[in-house]
Structure formats: structure tokens, C-alpha cells
Amino acid sequence: MTAPLPLVSMTEAGDPRHVGQKFARQQHLAREGFPVPEFFCLTTTMFQEVARPLVPAIERLTSTVDRTSQQDIRRVAEEIERLFVEVPLPAGVEASILDAFDRTFGANAMVAVRASVVARALGESEDSETDPFAGVSSTFLYVRRDTLLERIRRCWASGYTPEGLIYRLSQGRDVQGLTVAVGIQRMVPGRRSFVLFTCDPKTTERRTLVVAGHGIGEGVVQEKVGVDHYFLHPQTGRIDREPGHKAEMLCENPEPGGELLSRPVPEHLRDAPCLTDAELGRLATLGQDIERTFGVPQDIEGTFTEDGTLHVLQSRPIAFDFRKIRVWSCANVSESFPGVTTPLTYSLASHFYEVIFYDCVRRMWGADARALHDQTPAFQNMLGFIDGRVYHSLSNLMHVNGINPFVALTSMRDLEHVLQLDASLFIRLPGHRDSFPSTASYAFALGRSVAGALSVTATFQRDFDAFEAWWRKTLAEVRALSPAREDPLVLIHHFRDIWAGVGNWWGLTLINHWYINSYYGLASRFLKQWTGEDPSALLVGLLCGARPDASTHALLSAVALAEAVRADEALSKLFAEEEAEEVWRKLAAGEVAPAFARAFREHLSEYGDRGVQELNVERPSLRDTPWELVRVVQSYARTSVTRAELRASDLARRKEAEAQLATLLQGHPLRKLALQQLLERLRRVIGLREDSRFWRGQLFGFSRQVFAALGQRMAERGVLDAPLDVHFLTMKEVMDHFEGRSVTRNLGELARLRRREQQDNQERQPPRDFTTVGSVADGVPRAVEVASDDASLLKGLGSSAGVVEGIARVVMDPGAVGSLGKQDILIAKETDPGWLFLMLASGGIVVERGSMLSHTAIAGRKFGIPTVVGVAHATTRIPDGARVRVDGSTGIVTLLGEP
């Protein structure tokens, strides 16, 4: 194997092990046609050659450093830097570097010199996908030929900066065996610079975030200039702006070797947007293209020169720690479990999700039991219970759906559409290509999942018919039970037995959903492509006229009762003049026509589990409140609606849509035939969905009866104050009580506590969608309006999610502070990598300056510290020693008490 070269051109800089990830990615971008300034690289081979005589001293210094002492870490870093500054370069190294400079740029050029640290493992190297190591290695700008070698030496030494050592030591990372690649790149004289995140680095929401300011990028990245924030929503094109006051910009120094200069921004530009809408649109497209080429969300740095030319200077993955991130939404789940509900309903819903998704993945993936067992935490946590409301944990829900590589590859966008997400989310999926250790293992898993999908498709209708037969047999057995007369343990046995069957069959309903999403997506795309029309309205009509499903039968049955009422003078008078409860009393007492009473009871028997919020087990069903069915029949009886009219109207809409389609596809018989076949399949699977939803209502209706009976027994024994208090316990707590596993005898007190909490939850208004980082209990955002005259509330830019309370420690000089603890909130004007020691020790961070891309924000997100930046006058408005609350999601800092 040929040893890597010590110096390579841009076209040769493709291996991150030798040139670092920073430059390997730039080479990739350049190869893909993105506007990257030319560069060459000094590889890790050259570093090893230069550093060979220094290795014993470096290992001695790093192995004996006191990781708890900021002063000792700085001492070690300074000694290592001195070693690199003084080490003699091997023969020919200087000449080869200067020769490459002259050939690449010309002797009079100015360049940027950047370091990229490479650890023994790429995952622990600078700019890795899990750890950016932001701001810890050196960059030198506007470097001339005569100072090039000195800047390169300092870049080599920057593998051991104090900030880099603190960063690694705080995470238990190895500080030995580090190497450094150095890139020498043509200097671009930027006039407006930006950092672009292709998705929100705080929430994973796929909206483009652009932070921009005047001058070169160093001023923007290091927070030395004022900046604008732009949030671009890809689905709507909306741009939200948070303009900043941009008084200064960072520019080159005309004096050779001089420091960068801070110059005033022209008055008329200071508060005007730094970027135009057209430029923002261009950047959004650029970000999407770069993300597409790398496959994961990107943090991109770039600049515009005076003539408007765009240059890309760096791109690296946004580092997310998905172990701490949870994305929550009630947008879709509220259809089944709306509003505030009870612990019993939530626990049943969560168990339902767990067993049916397990069955679905088992069927479609064909994975062995051990592989699925490893995913148990995700299966068990697809739903959350927040402020008494059921939420999808989208992180776990999409994780479970993405276990199957075929689904992860083909269907996640359709799932996001079904979940009604306003903007898609980036959530790492276990079935994605980059989750596998090798291409071969991914290919094997993908092949197995495709084979599983084909196998399921081949037997799906037969399996669904068997599922229906099992449920009808099970339902007949359920209806033969008398829960109120069964022994509690026998009743629990029946409950478990039926739910075990649910776990063996109900995954087919999710596979059916997959077919619906796939067929609907194909039909929409074909209609759009072949007709040029918006397919939404046309599809509504084309999907009419399907075979009646269970929900349709329930509707027609109620309408039939109304027709019978209208046809009978006595019934018509009774239903028109009496209250629903009185009508039911007479029905129950046999005071109405026997045939009608029999039809009414048959409807209750067959469809009594169908109703408003039928899955919320605390709500009584029609079986429990049959007079509610009377009200339904009364409302239909007041109209002239008939079953025949409903069927005719449905078929008429279908015929009208088919005639419109025939006109649009005139002259294309094959297209028409293909769509007809696809639509027939879609109508069929939609019908199966409605049937299974009806069966789901029956399953929850049976569960409601079981726990009503168990609640009655608990109330009779004085365990609960009333039978309905069972709704304030979970299904496990109830069964544990009867089966000898209960961890408390005070279930009644627990139910009373939760009843009071439910009343409190009615007053709360949690958001529909939000993201938490770290403890969910601390991260649920609360709506807080900041009044201009409320001195206790300060508003900034939430940059690292989480909520924390603590004691404010106002720090002006980090060297003058001995230490901080997790009970302390660091309050500062601004920070840089030199503050890292204090930042990592604190419980929360508030700074006056900063942006979403600042070192403060990045460090906060990396280490899970709630952080708010851009809080005006924080160091003077927040007294040292005061108690404060920091909400890193909303950007609200609240003064809770004086020092």
C-alpha cells in the first residue's frame, strides 16, 4: 500500500484520514461543481514527520495534565505550542510548501491557513457528524507568503489548544495520538458573509436558517459583528426575519501581516437587511443541494464578494445528539385522542401502538426476535403524555417506521405528510444507509426488507381476510362475556388473551396504511403529471362509490332507523316531541313498536362502540348512554335523507369525476387504464382502513368494559372512592393491584391527585408541536408574553433547548472566577472558546451577544446546557446572585428573586 503524500492538491484531497474532514468535504463540494476557492493540503503524514521528535514530550504533557485545572491545561497547551514553533522542519519541507504556494496561487497571493484536527477515530475528529469541535483549532486569514510557514506551525500546534483539550477531556476523549492537516486556500475578500443551517440546529425542523453580516466570515462566526437572522420555510417560501444592528464589519488590513480591522458599516446599511430575498432564495437552494450531496443536514459557511459572486468556504454536518432530542406533535394523534384525557386512556393507547407497530415491523422486515428486542425502548415510547394530552413522540414513531431499510428509503416523506407536519424533521433513522457498518451489511438488510415487503404483498389480502375472521370470532366471544360477574383475575386473563391476539394481527392495519400512502402518492403524481391539474379535488370524487365499509354500514343503519321513524306516525310524534332520555325509557320499557325496538337494539349491539371520541375510555359509549343514539336518529328524522339518496349521491360524484378524468386523458387509453387499476386498489385499501378503525373502536369498547368492571370491584373494596376513578390509574396499575404487584396501597389517593391534575391541565395550553432537549419534564415550552414594562422578563434568542432555574453568576472576566456549579447560571456579555471551562460547569448560559451559530450556542447544544443569547444588557439587568429561570427554547429569562 502506497503511503499518503505529505502534500496534496485540491483534486487529491479526498481522504479525511489524511487531510481532515474539513478539506475532504471541500474537495467533494468542488468535485460536485460548488464554488469552492482553490486550495492545497499539508496532510497528516507531513504533521507526523514534523512532530515525530516532539511526540515523547507531548505524551508526557498530556498524560500528566490536571483536567480539573484550567491553569494547568493552559500551561500544557502553551508548552506544546512552543515545541511546534521551535521544531526544525525536515529537509525539503519548506521548499515543497512554498513551491506549492507559488504554483497554486502565485507568489503575491494572500491565502487563508486553516487547521483540521484528525483523531485516531474519525468520529472523534474535528467537523465529525457527532462533534464539530467548533472554534478549537486555528484559522489565519490574509496570510502572505513571507508569514506562511509561521502560521502553518501554529496550525499544527492548535491540535492542542486549551479549548481543544478542555473539549476532549470533558467528554473523556483521548488527547493523545492527535494529528493535524493544514489547508492553504485562496483568500476571498468577502463583503457580506453568512452561515447557513439547512435545518434548525435546535429543533431539527427543516427550515433553513441563515445568519449574515457585513465583512468577512470571521466576524460573523466569531460574533465580532452584528448579524441578521433569517428563517426560510421550504414548504411555504415564507421568510421570517430577525434583523440586527450591524454597526461594524471585519475587513482585511492593508498593512502586511497586520491584524484584521474593524470598520464602520455605512449608515444606510446598518439596519437594512444584509441579504435580499433573491439572495436568500439562492442560498436556500444552495443549502438543499449541498445537503443532498452529503445526505445529512449541513452547517455551511460562505461569502459574497463585492461583485455578488458566491463562494462556499466550508460545510460540515450539524451535530445532533439524538439521545437527548425528542420531537413532539399532537397534530395527527389528536384525531383519535383529542384534548385532555386520562392515564387509563393514555396507557391503553401507548400499549396499542407498541404491539401493533411491533407486529408490523416483524411482518415487513423479517428481522429476528433479537434484532427487534433491541428496539424495545422505541416501541414502548411512541406516545407521550404531556399536560394530560396524548402526543406523538415523532422521534420514536419515525425511528420505529425507519427500522425497515426499505421503508426508510421510500416512504418517510409520505409518513410526514400523514402526520400533518408543517415542515419535515430530520430524525436519524436506524434503517438509513449510514446506520450500517458497511455497504454490504446495508445491502443485505435492504434486500431482506424488500423481500419481506414482496412477501407481505403476495399474501396481504389472504392475511387480512384471516385477520377479519379472527376478530369476528373474538368479538363474538367478547360479547358472550359478562365482565361484571367475572372474577377479576379471569377478566384480566381474557383481556390479556385478546390483546395478545391484537399483537399477532393488528400490524396488518399499518401495512394497509402503507399501501394507502403509496397508492395515494402514486395516483396524485400521475394525475398531476398526466393532466396538469391539481389532483386533490379530482381524487375526492374518484374515490367515491367504493364498497360500503363498516363505518358506512353504521351510518346507513342510523339513517334506516330515521326512515322507520318518519314512516310511522306514532314514532314520528314520539321522536319529535319527547326528550331523548324519555324516548329511550319508553324503548326500554317496551312501549314502542317491537320491530323498531328490535332494530334499535340491534344497532346498539353492532355499532354501540362507534361514537364521538370513542377511544377515550372515560367517555361513555352508546351502549352506556343509548339515549345519545336517540338524539342521532332524531336529527336524521328531521331531514329527508334516505339510504338510497346517500348511495346515489356517492355514485354520482364518482361518475362525474370519471367523466372529467376521461376528458383529461382523451387519447391516452393506457394511462387511463393504469389510473383505473390504481384507483380501484386505493378504494379497496381505504375500505379496509375504515373497517379496521371500526374494529379498533370495538377493541377499546371491550377494554372500557373490562376496566369499568375492575373499577367497580376496587370501589366496592374501598380502594377507590368511586368506580370511575379507575380512569385516573394506568392499565398496569389496575392489573398490578389484583395480581399482587402493586407498589402502593394508596391507589385512591393517587387517583384523587390525578383528578386534581386533570383539572389543572384543562387550563394549560401546550403547543401543538415542539422539541425538547434533555429531560422532557424540564423542556416543555410555556407560552410567556414579554411585556415591555415587565422588568422581570428578558427576551433573547433561544439557542439550546431546555429549562433550568439557578443563581445568576455575572462574569465579566473568566480568569477572575474560581469555579461554577450546576446550580449557577453563567451571565456574560459574550463568550469565546476560552470560556469553555466555565460554560461546561454551569447549569445554564445567558449572554448579551451571540447568534444561533455562536460558540456559546454551539457549546450549549453540544453539552445540553439551556442557553439564551442576544439578551440586551443581561449583565446589568440581572443582579449577581439573583434567582433566575432560563428557557432555552423560547429565549425567555425570568428574574425569580433578588440576590
# chains A, B, ... in the order shown; residues from 1 in each chain; ligands from 1

call {"tool": "residues_around", "arguments": {"residues": "region 245-251 of chain A", "least_positions_apart": "3", "cutoff": "9 Å", "atoms": "only C-alpha atoms", "output": "list in words"}}
result
Pro189, Gly190, Arg191, Gly213, His214, Gly215, Ile216, Gly217, Glu218, Gly219, Val220, Lys224, Val225, Gly226, Val227, Asp228, Leu260, Leu261, Ser262, Arg263, Pro264, Val265, Pro266, Glu267, Leu269, Arg270, Asp271, Ala272 and Cys274 of chain A

call {"tool": "residues_around", "arguments": {"residues": "Arg323 (chain A)", "least_positions_apart": "5", "cutoff": "10 Å", "atoms": "only C-alpha atoms", "output": "compact mmCIF listing (two decimals) with C-alpha atoms, in the first residue's frame"}}
result
# COMPACT_ATOMS: atom_id res chain seq x y z
CA SER A 395 -38.57 10.83 17.23
CA VAL A 773 -33.61 18.55 24.51
CA GLY A 774 -32.72 16.61 27.63

call {"tool": "select_by_dssp", "arguments": {"residues": "region 425-653 of chain A", "states": "alpha helix (DSSP H)", "output": "count of residues only"}}
result
164
